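This report refers to the structure that appears directly beneath it.
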Amino acid sequence: MLATGARLQAAPQAMRQLFLGASLCWAGHNLLVGSVFGLTCDVLTILGLAIALLRAAPVPPMEPVAPDCARA
């Protein structure tokens, strides 16, 4: 259901978040059944999705730092 919902999203970030949820579910499944190959694939997918989510996250503007006049 999560993967189907992800494919229906127009926004890339929403799609990645839903795919991340689906991949976490599959990773849990592969962990329970002992599928090393499946778990490896899921971990790589989760890492790729997490990196893509972090790269596209908005960066908050930095506040200018006032000079410290008390030291002089």
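To be explicit about the labels: the chains of the structure tokens are called A, B, and onward in the order shown, and within each one the residues are counted from 1, while ligands get numbers from 1 in the order they are shown.
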*Contacts of stretch 52-69 of chain A at 12 Å or less, counting only C-alpha atoms, minus same-chain residues fewer than 5 places along, as a PyMOL selection string?*
chain A and resi 11-20+45-47
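A straight-line distance of 18.4 Å separates atom CA of A:Gly5 from atom CA of A:Ala27.
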_Expected answer as a ChimeraX atom specification: helix (DSSP H, G or I) residues in chain A_ = /A:2-7,12-33,36-56,69-71
Same residues, N, CA and C atoms, output as a compact mmCIF listing (two decimals), in the first residue's frame:
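Below you can see out_10.txt, which holds the result:
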# COMPACT_ATOMS: atom_id res chain seq x y z
N LEU A 2 1.96 1.21 0.76
CA LEU A 2 2.84 2.38 0.80
C LEU A 2 3.51 2.63 -0.55
N ALA A 3 3.96 1.58 -1.18
CA ALA A 3 4.62 1.73 -2.48
C ALA A 3 3.62 2.20 -3.54
N THR A 4 2.39 1.70 -3.48
CA THR A 4 1.37 2.15 -4.42
C THR A 4 1.06 3.62 -4.19
N GLY A 5 0.93 4.01 -2.92
CA GLY A 5 0.69 5.41 -2.61
C GLY A 5 1.85 6.29 -3.05
N ALA A 6 3.07 5.78 -2.95
CA ALA A 6 4.24 6.56 -3.37
C ALA A 6 4.21 6.83 -4.87
N ARG A 7 3.78 5.86 -5.64
CA ARG A 7 3.74 6.04 -7.09
C ARG A 7 2.69 7.04 -7.53
N PRO A 12 8.25 14.80 -5.18
CA PRO A 12 9.31 13.80 -5.01
C PRO A 12 9.59 13.45 -3.54
N GLN A 13 9.54 14.45 -2.65
CA GLN A 13 9.84 14.17 -1.25
C GLN A 13 8.77 13.27 -0.62
N ALA A 14 7.51 13.50 -0.95
CA ALA A 14 6.44 12.65 -0.43
C ALA A 14 6.59 11.23 -0.96
N MET A 15 6.97 11.12 -2.22
CA MET A 15 7.18 9.81 -2.82
C MET A 15 8.32 9.07 -2.11
N ARG A 16 9.41 9.78 -1.86
CA ARG A 16 10.55 9.15 -1.17
C ARG A 16 10.19 8.72 0.24
N GLN A 17 9.41 9.52 0.93
CA GLN A 17 9.01 9.17 2.29
C GLN A 17 8.16 7.91 2.31
N LEU A 18 7.22 7.80 1.39
CA LEU A 18 6.38 6.61 1.34
C LEU A 18 7.20 5.38 0.93
N PHE A 19 8.11 5.54 -0.04
CA PHE A 19 8.97 4.42 -0.41
C PHE A 19 9.86 4.01 0.77
N LEU A 20 10.30 4.98 1.55
CA LEU A 20 11.11 4.67 2.73
C LEU A 20 10.29 3.83 3.72
N GLY A 21 9.04 4.20 3.92
CA GLY A 21 8.18 3.40 4.79
C GLY A 21 7.99 1.99 4.28
N ALA A 22 7.77 1.87 2.97
CA ALA A 22 7.60 0.53 2.38
C ALA A 22 8.89 -0.29 2.52
N SER A 23 10.03 0.34 2.30
CA SER A 23 11.30 -0.38 2.40
C SER A 23 11.59 -0.81 3.83
N LEU A 24 11.19 0.01 4.81
CA LEU A 24 11.37 -0.38 6.20
C LEU A 24 10.51 -1.60 6.54
N CYS A 25 9.30 -1.65 6.00
CA CYS A 25 8.44 -2.82 6.22
C CYS A 25 9.07 -4.07 5.60
N TRP A 26 9.59 -3.95 4.38
CA TRP A 26 10.22 -5.11 3.73
C TRP A 26 11.49 -5.52 4.46
N ALA A 27 12.23 -4.54 4.99
CA ALA A 27 13.44 -4.87 5.75
C ALA A 27 13.07 -5.67 7.00
N GLY A 28 11.99 -5.27 7.66
CA GLY A 28 11.53 -6.03 8.82
C GLY A 28 11.12 -7.44 8.44
N HIS A 29 10.44 -7.56 7.32
CA HIS A 29 10.04 -8.89 6.84
C HIS A 29 11.26 -9.75 6.55
N ASN A 30 12.23 -9.20 5.82
CA ASN A 30 13.43 -9.97 5.46
C ASN A 30 14.26 -10.31 6.68
N LEU A 31 14.23 -9.46 7.69
CA LEU A 31 14.92 -9.76 8.94
C LEU A 31 14.25 -10.94 9.65
N LEU A 32 12.92 -10.93 9.66
CA LEU A 32 12.18 -12.01 10.33
C LEU A 32 12.36 -13.36 9.64
N VAL A 33 12.39 -13.36 8.31
CA VAL A 33 12.51 -14.63 7.59
C VAL A 33 13.96 -15.04 7.36
N VAL A 36 19.19 -12.79 3.96
CA VAL A 36 20.35 -11.90 3.98
C VAL A 36 20.40 -11.06 2.70
N PHE A 37 20.16 -11.69 1.56
CA PHE A 37 20.19 -10.96 0.29
C PHE A 37 19.11 -9.88 0.26
N GLY A 38 17.89 -10.24 0.67
CA GLY A 38 16.79 -9.26 0.68
C GLY A 38 17.06 -8.13 1.64
N LEU A 39 17.60 -8.45 2.82
CA LEU A 39 17.90 -7.42 3.80
C LEU A 39 19.00 -6.49 3.31
N THR A 40 19.99 -7.05 2.63
CA THR A 40 21.06 -6.22 2.07
C THR A 40 20.51 -5.24 1.04
N CYS A 41 19.65 -5.72 0.17
CA CYS A 41 19.04 -4.85 -0.84
C CYS A 41 18.19 -3.77 -0.18
N ASP A 42 17.45 -4.14 0.85
CA ASP A 42 16.61 -3.17 1.54
C ASP A 42 17.43 -2.11 2.26
N VAL A 43 18.52 -2.52 2.89
CA VAL A 43 19.38 -1.55 3.58
C VAL A 43 19.98 -0.57 2.58
N LEU A 44 20.41 -1.05 1.44
CA LEU A 44 20.96 -0.15 0.42
C LEU A 44 19.89 0.80 -0.10
N THR A 45 18.67 0.31 -0.28
CA THR A 45 17.57 1.15 -0.73
C THR A 45 17.25 2.21 0.32
N ILE A 46 17.20 1.80 1.58
CA ILE A 46 16.90 2.74 2.66
C ILE A 46 17.97 3.82 2.75
N LEU A 47 19.23 3.43 2.62
CA LEU A 47 20.32 4.42 2.64
C LEU A 47 20.19 5.40 1.49
N GLY A 48 19.91 4.90 0.30
CA GLY A 48 19.74 5.77 -0.86
C GLY A 48 18.58 6.74 -0.69
N LEU A 49 17.47 6.25 -0.19
CA LEU A 49 16.31 7.12 0.03
C LEU A 49 16.59 8.15 1.12
N ALA A 50 17.26 7.74 2.18
CA ALA A 50 17.58 8.67 3.26
C ALA A 50 18.52 9.77 2.78
N ILE A 51 19.51 9.40 1.98
CA ILE A 51 20.43 10.41 1.44
C ILE A 51 19.68 11.37 0.52
N ALA A 52 18.80 10.84 -0.32
CA ALA A 52 18.02 11.70 -1.22
C ALA A 52 17.11 12.63 -0.44
N LEU A 53 16.50 12.14 0.64
CA LEU A 53 15.64 13.00 1.47
C LEU A 53 16.45 14.10 2.14
N LEU A 54 17.63 13.76 2.64
CA LEU A 54 18.46 14.76 3.30
C LEU A 54 19.01 15.79 2.33
N ARG A 55 19.37 15.36 1.13
CA ARG A 55 19.91 16.30 0.14
C ARG A 55 18.88 17.31 -0.32
N ALA A 56 17.62 16.90 -0.37
CA ALA A 56 16.56 17.79 -0.86
C ALA A 56 15.89 18.58 0.26
N CYS A 69 32.42 42.20 21.22
CA CYS A 69 33.22 43.38 21.58
C CYS A 69 33.74 43.32 23.00
N ALA A 70 33.24 42.41 23.81
CA ALA A 70 33.66 42.33 25.21
C ALA A 70 35.08 41.78 25.35
N ARG A 71 35.56 41.06 24.38
CA ARG A 71 36.91 40.48 24.47
C ARG A 71 38.01 41.50 24.27
